>>> print(open('entry_28.cif').read())   # mmCIF, C-alpha atoms, pLDDT in the B column; chains and numbers go by the auth columns
data_target
loop_
_atom_site.group_PDB
_atom_site.id
_atom_site.type_symbol
_atom_site.label_atom_id
_atom_site.label_comp_id
_atom_site.label_asym_id
_atom_site.label_seq_id
_atom_site.Cartn_x
_atom_site.Cartn_y
_atom_site.Cartn_z
_atom_site.B_iso_or_equiv
_atom_site.auth_seq_id
_atom_site.auth_asym_id
ATOM 1 C CA MET A 1 140.469 85.858 93.726 45.00 1 A
ATOM 2 C CA LEU A 2 141.442 89.442 94.541 44.00 2 A
ATOM 3 C CA ARG A 3 140.446 88.857 98.133 52.00 3 A
ATOM 4 C CA THR A 4 142.908 85.992 98.636 56.00 4 A
ATOM 5 C CA PRO A 5 145.852 88.140 99.833 57.00 5 A
ATOM 6 C CA SER A 6 143.591 89.836 102.384 57.00 6 A
ATOM 7 C CA LEU A 7 142.335 86.508 103.667 51.00 7 A
ATOM 8 C CA VAL A 8 145.889 85.203 103.952 49.00 8 A
ATOM 9 C CA ALA A 9 146.968 88.326 105.833 47.00 9 A
ATOM 10 C CA ALA A 10 144.007 87.999 108.216 46.00 10 A
ATOM 11 C CA ALA A 11 144.800 84.346 108.816 44.00 11 A
ATOM 12 C CA CYS A 12 148.452 85.162 109.520 42.00 12 A
ATOM 13 C CA LEU A 13 147.422 87.918 111.932 49.00 13 A
ATOM 14 C CA ALA A 14 145.043 85.592 113.767 44.00 14 A
ATOM 15 C CA LEU A 15 147.804 82.978 114.046 43.00 15 A
ATOM 16 C CA ALA A 16 150.244 85.567 115.386 40.00 16 A
ATOM 17 C CA VAL A 17 147.712 86.724 117.980 41.00 17 A
ATOM 18 C CA ALA A 18 147.042 83.138 119.060 41.00 18 A
ATOM 19 C CA ARG A 19 150.759 82.456 119.423 46.00 19 A
ATOM 20 C CA ALA A 20 151.223 85.622 121.469 44.00 20 A
ATOM 21 C CA GLN A 21 148.372 84.597 123.758 49.00 21 A
ATOM 22 C CA ASP A 22 149.890 81.128 124.199 66.00 22 A
ATOM 23 C CA GLU A 23 153.226 82.724 125.027 80.00 23 A
ATOM 24 C CA HIS A 24 151.667 84.826 127.808 87.00 24 A
ATOM 25 C CA ALA A 25 149.350 82.150 129.190 95.00 25 A
ATOM 26 C CA LEU A 26 150.289 80.245 132.320 96.00 26 A
ATOM 27 C CA THR A 27 149.784 76.482 132.365 96.00 27 A
ATOM 28 C CA ARG A 28 147.569 74.847 134.973 96.00 28 A
ATOM 29 C CA ASP A 29 150.663 73.453 136.688 97.00 29 A
ATOM 30 C CA GLU A 30 152.153 76.954 136.918 96.00 30 A
ATOM 31 C CA VAL A 31 148.942 78.339 138.422 97.00 31 A
ATOM 32 C CA SER A 32 148.944 75.405 140.845 97.00 32 A
ATOM 33 C CA VAL A 33 152.423 76.414 142.041 97.00 33 A
ATOM 34 C CA ILE A 34 151.102 79.854 142.953 97.00 34 A
ATOM 35 C CA LYS A 35 147.968 78.577 144.679 98.00 35 A
ATOM 36 C CA LYS A 36 149.995 76.115 146.771 98.00 36 A
ATOM 37 C CA LYS A 37 152.121 79.009 147.993 98.00 37 A
ATOM 38 C CA LEU A 38 149.013 80.971 149.017 98.00 38 A
ATOM 39 C CA VAL A 39 147.578 77.945 150.833 98.00 39 A
ATOM 40 C CA ALA A 40 150.916 77.380 152.606 98.00 40 A
ATOM 41 C CA VAL A 41 150.871 80.971 153.876 98.00 41 A
ATOM 42 C CA PHE A 42 147.390 80.477 155.321 98.00 42 A
ATOM 43 C CA GLU A 43 148.506 77.200 156.915 98.00 43 A
ATOM 44 C CA ALA A 44 151.467 78.995 158.502 98.00 44 A
ATOM 45 C CA PHE A 45 148.942 81.095 160.437 97.00 45 A
ATOM 46 C CA GLY A 46 146.403 78.359 161.108 97.00 46 A
ATOM 47 C CA THR A 47 142.935 79.062 162.535 96.00 47 A
ATOM 48 C CA PRO A 48 142.346 81.502 165.428 95.00 48 A
ATOM 49 C CA ALA A 49 141.252 79.823 168.679 91.00 49 A
ATOM 50 C CA GLY A 50 137.463 79.688 168.981 88.00 50 A
ATOM 51 C CA TYR A 51 136.956 80.478 165.280 93.00 51 A
ATOM 52 C CA SER A 52 136.244 78.466 162.144 92.00 52 A
ATOM 53 C CA LEU A 53 136.752 79.199 158.449 95.00 53 A
ATOM 54 C CA GLU A 54 133.617 80.764 156.963 94.00 54 A
ATOM 55 C CA HIS A 55 134.797 82.036 153.586 95.00 55 A
ATOM 56 C CA GLU A 56 137.831 81.945 151.282 97.00 56 A
ATOM 57 C CA ASN A 57 138.606 83.260 147.818 98.00 57 A
ATOM 58 C CA TYR A 58 141.629 83.044 145.497 98.00 58 A
ATOM 59 C CA ASN A 59 142.614 85.576 142.847 97.00 59 A
ATOM 60 C CA LEU A 60 145.019 83.566 140.686 97.00 60 A
ATOM 61 C CA PRO A 61 147.058 84.769 137.700 96.00 61 A
ATOM 62 C CA THR A 62 146.497 83.319 134.226 96.00 62 A
ATOM 63 C CA GLU A 63 149.071 85.283 132.214 96.00 63 A
ATOM 64 C CA THR A 64 152.583 86.637 132.509 94.00 64 A
ATOM 65 C CA TYR A 65 154.462 89.166 130.379 93.00 65 A
ATOM 66 C CA LYS A 66 158.084 89.799 129.593 92.00 66 A
ATOM 67 C CA ASN A 67 160.030 92.969 130.175 89.00 67 A
ATOM 68 C CA SER A 68 160.581 94.368 126.693 87.00 68 A
ATOM 69 C CA GLY A 69 164.050 95.622 127.599 89.00 69 A
ATOM 70 C CA SER A 70 165.543 92.623 129.406 91.00 70 A
ATOM 71 C CA GLY A 71 163.476 89.764 128.045 91.00 71 A
ATOM 72 C CA LEU A 72 162.868 88.588 131.630 93.00 72 A
ATOM 73 C CA TYR A 73 159.422 88.042 133.132 94.00 73 A
ATOM 74 C CA ASN A 74 157.610 90.728 135.087 93.00 74 A
ATOM 75 C CA PRO A 75 156.778 89.337 138.566 94.00 75 A
ATOM 76 C CA ILE A 76 153.219 88.059 138.644 94.00 76 A
ATOM 77 C CA GLY A 77 150.753 89.054 141.314 95.00 77 A
ATOM 78 C CA ALA A 78 148.304 86.828 143.167 97.00 78 A
ATOM 79 C CA SER A 79 146.131 87.179 146.238 98.00 79 A
ATOM 80 C CA ALA A 80 143.703 85.303 148.450 98.00 80 A
ATOM 81 C CA ASP A 81 141.500 86.062 151.410 98.00 81 A
ATOM 82 C CA ARG A 82 139.874 84.164 154.236 98.00 82 A
ATOM 83 C CA ARG A 83 137.280 85.126 156.810 97.00 83 A
ATOM 84 C CA PHE A 84 137.064 83.412 160.179 96.00 84 A
ATOM 85 C CA GLY A 85 134.004 83.649 162.411 92.00 85 A
ATOM 86 C CA THR A 86 132.096 81.936 165.227 85.00 86 A
ATOM 87 C CA GLN A 87 128.662 81.660 163.569 69.00 87 A
ATOM 88 C CA LYS A 88 129.227 78.363 161.735 63.00 88 A
ATOM 89 C CA GLN A 89 130.583 76.656 164.829 62.00 89 A
ATOM 90 C CA THR A 90 127.510 77.694 166.820 59.00 90 A
ATOM 91 C CA GLU A 91 125.193 76.482 164.049 59.00 91 A
ATOM 92 C CA ALA A 92 127.006 73.128 163.858 60.00 92 A
ATOM 93 C CA GLU A 93 126.637 72.569 167.614 64.00 93 A
ATOM 94 C CA GLY A 94 122.921 73.432 167.433 61.00 94 A
ATOM 95 C CA LYS A 95 122.378 71.073 164.511 67.00 95 A
ATOM 96 C CA ALA A 96 124.172 68.218 166.312 70.00 96 A
ATOM 97 C CA MET A 97 121.981 68.695 169.383 63.00 97 A
ATOM 98 C CA GLN A 98 118.831 68.772 167.275 70.00 98 A
ATOM 99 C CA GLN A 99 119.768 65.530 165.482 72.00 99 A
ATOM 100 C CA GLU A 100 120.509 63.824 168.805 75.00 100 A
ATOM 101 C CA TYR A 101 117.094 64.724 170.241 69.00 101 A
ATOM 102 C CA GLN A 102 115.262 63.817 167.044 78.00 102 A
ATOM 103 C CA LYS A 103 116.788 60.347 167.280 80.00 103 A
ATOM 104 C CA LYS A 104 115.795 59.970 170.952 77.00 104 A
ATOM 105 C CA MET A 105 112.312 61.308 170.219 72.00 105 A
ATOM 106 C CA ALA A 106 111.825 58.809 167.380 82.00 106 A
ATOM 107 C CA GLU A 107 112.866 55.944 169.657 80.00 107 A
ATOM 108 C CA ALA A 108 110.417 57.044 172.366 75.00 108 A
ATOM 109 C CA GLN A 109 107.634 57.446 169.799 79.00 109 A
ATOM 110 C CA ALA A 110 108.289 53.958 168.418 82.00 110 A
ATOM 111 C CA LYS A 111 107.817 52.576 171.950 78.00 111 A
ATOM 112 C CA GLY A 112 104.725 54.655 172.536 78.00 112 A
ATOM 113 C CA ASP A 113 106.391 56.272 175.533 73.00 113 A
ATOM 114 C CA TYR A 114 104.587 59.614 175.566 72.00 114 A
ATOM 115 C CA GLN A 115 105.899 60.533 178.993 80.00 115 A
ATOM 116 C CA GLU A 116 109.485 60.211 177.715 74.00 116 A
ATOM 117 C CA MET A 117 108.573 62.240 174.625 73.00 117 A
ATOM 118 C CA ALA A 118 107.251 65.041 176.835 76.00 118 A
ATOM 119 C CA ARG A 119 110.369 64.924 178.999 80.00 119 A
ATOM 120 C CA LEU A 120 112.658 65.042 175.952 71.00 120 A
ATOM 121 C CA GLY A 121 110.749 68.008 174.525 73.00 121 A
ATOM 122 C CA GLN A 122 111.128 69.946 177.778 76.00 122 A
ATOM 123 C CA GLU A 123 114.817 69.023 178.079 74.00 123 A
ATOM 124 C CA MET A 124 115.516 70.017 174.495 73.00 124 A
ATOM 125 C CA GLY A 125 113.919 73.409 175.049 72.00 125 A
ATOM 126 C CA GLN A 126 116.057 74.015 178.124 73.00 126 A
ATOM 127 C CA LYS A 127 119.277 73.003 176.347 73.00 127 A
ATOM 128 C CA ALA A 128 118.415 75.127 173.321 68.00 128 A
ATOM 129 C CA GLY A 129 118.047 78.145 175.639 67.00 129 A
ATOM 130 C CA GLN A 130 121.346 77.383 177.329 66.00 130 A
ATOM 131 C CA MET A 131 123.089 77.031 173.968 65.00 131 A
ATOM 132 C CA GLN A 132 121.715 80.381 172.838 61.00 132 A
ATOM 133 C CA VAL A 133 123.042 82.100 175.954 60.00 133 A
ATOM 134 C CA LYS A 134 126.408 80.407 175.437 61.00 134 A
ATOM 135 C CA ALA A 135 126.439 81.383 171.760 58.00 135 A
ATOM 136 C CA ASN A 136 125.701 85.025 172.562 56.00 136 A
ATOM 137 C CA ALA A 137 128.529 85.090 175.107 54.00 137 A
ATOM 138 C CA ALA A 138 130.950 83.430 172.703 57.00 138 A
ATOM 139 C CA GLN A 139 130.017 85.563 169.698 69.00 139 A
ATOM 140 C CA LYS A 140 133.097 87.345 168.366 84.00 140 A
ATOM 141 C CA GLU A 141 133.754 89.825 165.621 91.00 141 A
ATOM 142 C CA PRO A 142 135.074 88.148 162.433 94.00 142 A
ATOM 143 C CA ILE A 143 138.748 88.050 161.499 97.00 143 A
ATOM 144 C CA GLU A 144 139.691 88.864 157.903 97.00 144 A
ATOM 145 C CA VAL A 145 142.990 87.722 156.371 98.00 145 A
ATOM 146 C CA ASN A 146 144.309 88.863 152.999 98.00 146 A
ATOM 147 C CA VAL A 147 147.495 87.488 151.413 98.00 147 A
ATOM 148 C CA ASN A 148 149.340 89.129 148.515 98.00 148 A
ATOM 149 C CA LEU A 149 152.317 87.794 146.564 98.00 149 A
ATOM 150 C CA ASN A 150 154.840 90.108 144.894 96.00 150 A
ATOM 151 C CA SER A 151 153.221 93.314 146.099 94.00 151 A
ATOM 152 C CA ASN A 152 154.931 96.338 147.600 91.00 152 A
ATOM 153 C CA PRO A 153 152.344 98.316 149.589 89.00 153 A
ATOM 154 C CA GLY A 154 155.086 100.172 151.490 89.00 154 A
ATOM 155 C CA ALA A 155 154.781 101.399 155.060 95.00 155 A
ATOM 156 C CA VAL A 156 156.517 103.685 157.524 96.00 156 A
ATOM 157 C CA ILE A 157 157.883 101.743 160.495 96.00 157 A
ATOM 158 C CA ASP A 158 156.509 103.478 163.592 96.00 158 A
ATOM 159 C CA PRO A 159 158.505 101.980 166.509 96.00 159 A
ATOM 160 C CA ASP A 160 155.416 102.057 168.729 95.00 160 A
ATOM 161 C CA MET A 161 153.374 100.065 166.208 96.00 161 A
ATOM 162 C CA VAL A 162 155.726 97.107 165.759 97.00 162 A
ATOM 163 C CA VAL A 163 153.981 93.881 166.823 97.00 163 A
ATOM 164 C CA PHE A 164 157.052 91.717 166.233 97.00 164 A
ATOM 165 C CA GLU A 165 160.060 91.497 163.942 97.00 165 A
ATOM 166 C CA ARG A 166 162.306 88.653 162.878 96.00 166 A
ATOM 167 C CA PRO A 167 164.944 88.350 160.131 96.00 167 A
ATOM 168 C CA GLY A 168 163.044 88.889 156.889 96.00 168 A
ATOM 169 C CA VAL A 169 159.735 89.658 158.625 98.00 169 A
ATOM 170 C CA ILE A 170 158.083 92.597 160.359 98.00 170 A
ATOM 171 C CA ALA A 171 154.516 93.020 161.624 98.00 171 A
ATOM 172 C CA LEU A 172 153.007 96.485 162.067 97.00 172 A
ATOM 173 C CA LYS A 173 149.647 97.406 163.561 96.00 173 A
ATOM 174 C CA SER A 174 147.421 100.311 162.530 91.00 174 A
ATOM 175 C CA ASN A 175 143.817 101.543 162.600 82.00 175 A
ATOM 176 C CA VAL A 176 143.490 100.722 166.296 80.00 176 A
ATOM 177 C CA GLU A 177 139.931 101.752 167.156 80.00 177 A
ATOM 178 C CA ASN A 178 137.068 100.443 169.317 81.00 178 A
ATOM 179 C CA GLY A 179 138.902 97.244 170.218 83.00 179 A
ATOM 180 C CA ALA A 180 139.752 96.381 166.609 90.00 180 A
ATOM 181 C CA GLU A 181 142.869 96.876 164.534 95.00 181 A
ATOM 182 C CA ARG A 182 144.741 95.913 161.372 96.00 182 A
ATOM 183 C CA ILE A 183 148.065 94.073 161.462 97.00 183 A
ATOM 184 C CA SER A 184 150.207 93.983 158.331 97.00 184 A
ATOM 185 C CA VAL A 185 152.894 91.300 158.175 98.00 185 A
ATOM 186 C CA TYR A 186 155.597 91.892 155.556 98.00 186 A
ATOM 187 C CA CYS A 187 157.905 89.039 154.499 97.00 187 A
ATOM 188 C CA ASP A 188 160.959 89.551 152.295 97.00 188 A
ATOM 189 C CA PRO A 189 164.269 87.832 153.188 95.00 189 A
ATOM 190 C CA VAL A 190 166.261 90.364 151.137 94.00 190 A
ATOM 191 C CA SER A 191 164.639 93.786 151.644 94.00 191 A
ATOM 192 C CA LEU A 192 163.778 93.035 155.292 96.00 192 A
ATOM 193 C CA LYS A 193 166.916 91.133 156.233 94.00 193 A
ATOM 194 C CA ASP A 194 167.595 93.486 159.155 95.00 194 A
ATOM 195 C CA THR A 195 164.432 95.431 159.974 95.00 195 A
ATOM 196 C CA ARG A 196 166.039 97.237 162.928 94.00 196 A
ATOM 197 C CA GLN A 197 168.091 99.219 160.439 95.00 197 A
ATOM 198 C CA LEU A 198 165.035 100.359 158.485 96.00 198 A
ATOM 199 C CA SER A 199 162.583 103.220 158.908 96.00 199 A
ATOM 200 C CA ARG A 200 160.153 101.992 156.245 96.00 200 A
ATOM 201 C CA VAL A 201 159.050 98.816 154.492 97.00 201 A
ATOM 202 C CA ASP A 202 160.009 98.841 150.823 96.00 202 A
ATOM 203 C CA MET A 203 159.880 95.422 149.135 95.00 203 A
ATOM 204 C CA LYS A 204 161.030 96.492 145.692 91.00 204 A
ATOM 205 C CA MET A 205 160.711 94.204 142.694 91.00 205 A
ATOM 206 C CA PRO A 206 163.645 93.902 140.235 91.00 206 A
ATOM 207 C CA GLU A 207 163.118 96.471 137.485 89.00 207 A
ATOM 208 C CA ALA A 208 164.595 94.152 134.851 91.00 208 A
ATOM 209 C CA GLY A 209 162.255 91.310 135.780 90.00 209 A
ATOM 210 C CA VAL A 210 162.803 87.734 136.957 92.00 210 A
ATOM 211 C CA ALA A 211 164.000 84.557 135.280 91.00 211 A
ATOM 212 C CA ALA A 212 160.991 82.322 136.065 92.00 212 A
ATOM 213 C CA LYS A 213 157.266 82.903 135.518 93.00 213 A
ATOM 214 C CA THR A 214 156.168 81.772 138.982 94.00 214 A
ATOM 215 C CA LEU A 215 158.925 83.399 141.024 95.00 215 A
ATOM 216 C CA VAL A 216 157.707 84.855 144.342 96.00 216 A
ATOM 217 C CA LEU A 217 159.931 87.447 145.991 96.00 217 A
ATOM 218 C CA SER A 218 157.736 88.803 148.769 97.00 218 A
ATOM 219 C CA VAL A 219 154.595 88.048 150.733 98.00 219 A
ATOM 220 C CA SER A 220 152.388 90.501 152.589 98.00 220 A
ATOM 221 C CA ILE A 221 149.562 89.455 154.918 98.00 221 A
ATOM 222 C CA GLU A 222 146.913 91.816 156.247 97.00 222 A
ATOM 223 C CA ILE A 223 144.810 90.759 159.240 97.00 223 A
ATOM 224 C CA THR A 224 141.884 92.753 160.619 96.00 224 A
ATOM 225 C CA GLY A 225 139.811 91.923 163.679 96.00 225 A
ATOM 226 C CA PRO A 226 139.552 92.271 167.469 95.00 226 A
ATOM 227 C CA VAL A 227 142.824 93.299 169.118 94.00 227 A
ATOM 228 C CA ALA A 228 142.477 90.679 171.863 93.00 228 A
ATOM 229 C CA GLU A 229 142.156 87.929 169.254 95.00 229 A
ATOM 230 C CA ILE A 230 144.517 88.801 166.414 96.00 230 A
ATOM 231 C CA GLU A 231 147.614 90.028 168.270 95.00 231 A
ATOM 232 C CA PRO A 232 148.341 86.801 170.181 96.00 232 A
ATOM 233 C CA TRP A 233 147.330 84.743 167.142 97.00 233 A
ATOM 234 C CA VAL A 234 149.636 86.590 164.731 97.00 234 A
ATOM 235 C CA LYS A 235 152.574 86.348 167.138 97.00 235 A
ATOM 236 C CA LYS A 236 152.292 82.539 167.013 96.00 236 A
ATOM 237 C CA ALA A 237 152.441 82.419 163.194 97.00 237 A
ATOM 238 C CA ASN A 238 155.029 80.141 161.611 97.00 238 A
ATOM 239 C CA THR A 239 156.875 82.885 159.742 97.00 239 A
ATOM 240 C CA ALA A 240 159.546 80.403 158.662 97.00 240 A
ATOM 241 C CA GLY A 241 156.776 78.610 156.774 97.00 241 A
ATOM 242 C CA VAL A 242 155.883 81.857 155.027 98.00 242 A
ATOM 243 C CA LEU A 243 159.496 82.643 154.121 97.00 243 A
ATOM 244 C CA ALA A 244 159.807 79.134 152.691 97.00 244 A
ATOM 245 C CA GLN A 245 157.334 80.174 149.948 97.00 245 A
ATOM 246 C CA ILE A 246 159.671 82.922 148.789 97.00 246 A
ATOM 247 C CA ASP A 247 162.276 82.267 146.096 92.00 247 A
ATOM 248 C CA ARG A 248 165.523 83.776 147.358 73.00 248 A
ATOM 249 C CA THR A 249 166.718 85.122 143.988 62.00 249 A
ATOM 250 C CA LYS A 250 166.230 88.863 143.578 57.00 250 A
#
>>> encode(input="entry_28.cif", output="structure tokens")
Amino acid sequence: MLRTPSLVAAACLALAVARAQDEHALTRDEVSVIKKKLVAVFEAFGTPAGYSLEHENYNLPTETYKNSGSGLYNPIGASADRRFGTQKQTEAEGKAMQQEYQKKMAEAQAKGDYQEMARLGQEMGQKAGQMQVKANAAQKEPIEVNVNLNSNPGAVIDPDMVVFERPGVIALKSNVENGAERISVYCDPVSLKDTRQLSRVDMKMPEAGVAAKTLVLSVSIEITGPVAEIEPWVKKANTAGVLAQIDRTK
């Protein structure tokens, strides 16, 4: 009986911890809101010409915490990345050709047409060689894309490294070496309202916090790959579609 108060205290503590965890946890619908924003940013850029999607990964939030001073929510962070390449496209074309010839070969075999089978085998070998030459010529270095929500990496705006700028958006290139480079696209309709008046990118988050758990105030996109491929591709991005994922309140 002497242990009863201790057991009650432990039970109360466990209940308090569980309630605190529930208070911090995001619901599936709230996580879905964030993922849809990440997907929309990728869709605003589309797929580079001659490439196909080879890999993607999402780093989604599951909890959010309040600012102890203001009682508002600290902005949550989320990220995702995609890799585009030419390998899968080449493999798909090779597989389609192989299936086509297997079908023709089976038909010739069913008819007992050994002359046609020999011809098909020779033709398939020639086409396979041609496809390999074409694949080698079309082989390109991969393009990596990383998207971050509510991050403030900061950057000095070198006038010679500006790829493009629009109200609320600026793209800067760096690490230009051996035909490859990195382009960072910063999107913030408040902090970057007039980029021509700025000497650095500084997408500050409100110190007191924000009113809603899933509020997104800025988006940053980092693209790395061949200069000849990523510069024209990035310039065609639908930046209005990216800005549409940002909640204007700040």
>>> atom_distance(input="entry_28.cif", atom1="CA of Met203 (chain A)", atom2="CA of Ala155 (chain A)")
9.8 Å
>>> resolve_selection(input="entry_28.cif", expression="the PyMOL selection byres ((chain A and resi 45-51) around 10)", output="number ranges by chain")
A: 40-44, 52-54, 83-90, 138-143, 145, 229-230, 232-239, 241-242
>>> atom_distance(input="entry_28.cif", atom1="CA of Pro189 (chain A)", atom2="CA of Ala78 (chain A)")
18.9 Å
>>> residues_near_point(input="entry_28.cif", point="(166.6, 92.6, 154.0)", cutoff="10 Å", atoms="only C-alpha atoms", output="number ranges by chain")
A: 167-169, 187-195, 197-198, 201-203
>>> axis_aligned_box(input="entry_28.cif", around="region 194-208 of chain A", padding_each_side="6 Å", output="JSON")
{"center_x": 163.6, "center_y": 98.4, "center_z": 148.9, "size_x": 21.0, "size_y": 21.7, "size_z": 40.1}
>>> atom_distance(input="entry_28.cif", atom1="CA of Leu72 (chain A)", atom2="CA of Leu60 (chain A)")
20.6 Å
>>> closest_residue(input="entry_28.cif", among="A:Lys213, A:Lys127, A:Lys104, A:Lys36", to="Lys66 (chain A)", atoms="only C-alpha atoms")
A:Lys213
>>> closest_residue(input="entry_28.cif", among="A:Thr27, A:Tyr186, A:Pro75, A:Glu63", to="Ala212 (chain A)", atoms="all atoms listed in the file")
A:Pro75
>>> closest_residue(input="entry_28.cif", among="A:Ala180, A:Ala25, A:Leu38, A:Met124", to="Val147 (chain A)", atoms="all atoms listed in the file")
A:Leu38
>>> closest_residue(input="entry_28.cif", among="A:Pro226, A:Gly69, A:Gly112, A:Gly209", to="Asn178 (chain A)", atoms="only C-alpha atoms")
A:Pro226
>>> residues_around(input="entry_28.cif", residues="Tyr73 (chain A)", least_positions_apart="2", cutoff="10 Å", atoms="all atoms listed in the file", output="PyMOL selection string")
chain A and resi 24+64-68+70-71+75-76+208-215
>>> closest_residue(input="entry_28.cif", among="A:Ile183, A:Leu120, A:Val219, A:Ile170", to="Gln245 (chain A)", atoms="only C-alpha atoms")
A:Val219
>>> resolve_selection(input="entry_28.cif", expression="the PyMOL selection byres ((chain A and resi 220) around 9)", output="list in words")
Asn146, Val147, Asn148, Leu149, Asn150, Ser151, Asn152, Pro153, Ser184, Val185, Tyr186, Cys187, Asp188, Ser218, Val219, Ile221 and Glu222 of chain A
>>> closest_residue(input="entry_28.cif", among="A:Arg182, A:Lys204, A:Arg28, A:Arg166", to="Leu243 (chain A)", atoms="only C-alpha atoms")
A:Arg166
>>> decode(input="entry_28.cif", residues="region 63-69 of chain A", atoms="all heavy atoms", output="short mmCIF file (atom, residue, chain, number, x, y, z; two decimals), in the first residue's frame")
data_model
loop_
_atom_site.label_atom_id
_atom_site.label_comp_id
_atom_site.auth_asym_id
_atom_site.auth_seq_id
_atom_site.Cartn_x
_atom_site.Cartn_y
_atom_site.Cartn_z
N GLU A 63 6.67 16.66 -36.06
CA GLU A 63 6.37 17.40 -34.82
C GLU A 63 6.56 18.90 -35.03
O GLU A 63 7.27 19.33 -35.94
CB GLU A 63 7.30 16.94 -33.68
CG GLU A 63 7.12 15.50 -33.27
CD GLU A 63 8.07 15.11 -32.15
OE1 GLU A 63 9.21 15.64 -32.14
OE2 GLU A 63 7.70 14.29 -31.31
N THR A 64 5.94 19.67 -34.18
CA THR A 64 6.14 21.11 -34.18
C THR A 64 6.11 21.60 -32.73
O THR A 64 5.45 20.99 -31.88
CB THR A 64 5.05 21.84 -34.99
OG1 THR A 64 5.35 23.23 -35.04
CG2 THR A 64 3.67 21.65 -34.39
N TYR A 65 6.84 22.66 -32.44
CA TYR A 65 6.95 23.16 -31.07
C TYR A 65 6.60 24.64 -31.02
O TYR A 65 6.77 25.36 -31.99
CB TYR A 65 8.36 22.93 -30.53
CG TYR A 65 8.68 21.46 -30.34
CD1 TYR A 65 9.16 20.70 -31.41
CD2 TYR A 65 8.49 20.85 -29.12
CE1 TYR A 65 9.43 19.35 -31.25
CE2 TYR A 65 8.77 19.50 -28.94
CZ TYR A 65 9.22 18.76 -30.02
OH TYR A 65 9.48 17.42 -29.86
N LYS A 66 6.13 25.04 -29.86
CA LYS A 66 5.75 26.44 -29.67
C LYS A 66 6.89 27.25 -29.09
O LYS A 66 7.73 26.74 -28.35
CB LYS A 66 4.53 26.53 -28.75
CG LYS A 66 3.22 26.09 -29.40
CD LYS A 66 2.04 26.36 -28.48
CE LYS A 66 0.72 26.03 -29.17
NZ LYS A 66 -0.45 26.30 -28.31
N ASN A 67 6.89 28.52 -29.44
CA ASN A 67 7.82 29.47 -28.85
C ASN A 67 7.38 29.72 -27.42
O ASN A 67 6.24 30.13 -27.17
CB ASN A 67 7.81 30.77 -29.66
CG ASN A 67 8.81 31.78 -29.17
OD1 ASN A 67 8.77 32.19 -28.02
ND2 ASN A 67 9.68 32.22 -30.06
N SER A 68 8.23 29.46 -26.47
CA SER A 68 7.85 29.57 -25.06
C SER A 68 7.47 30.98 -24.66
O SER A 68 6.69 31.20 -23.73
CB SER A 68 8.99 29.07 -24.16
OG SER A 68 10.18 29.82 -24.41
N GLY A 69 8.00 31.98 -25.37
CA GLY A 69 7.71 33.36 -25.02
C GLY A 69 6.41 33.87 -25.60
O GLY A 69 5.60 34.49 -24.92
#
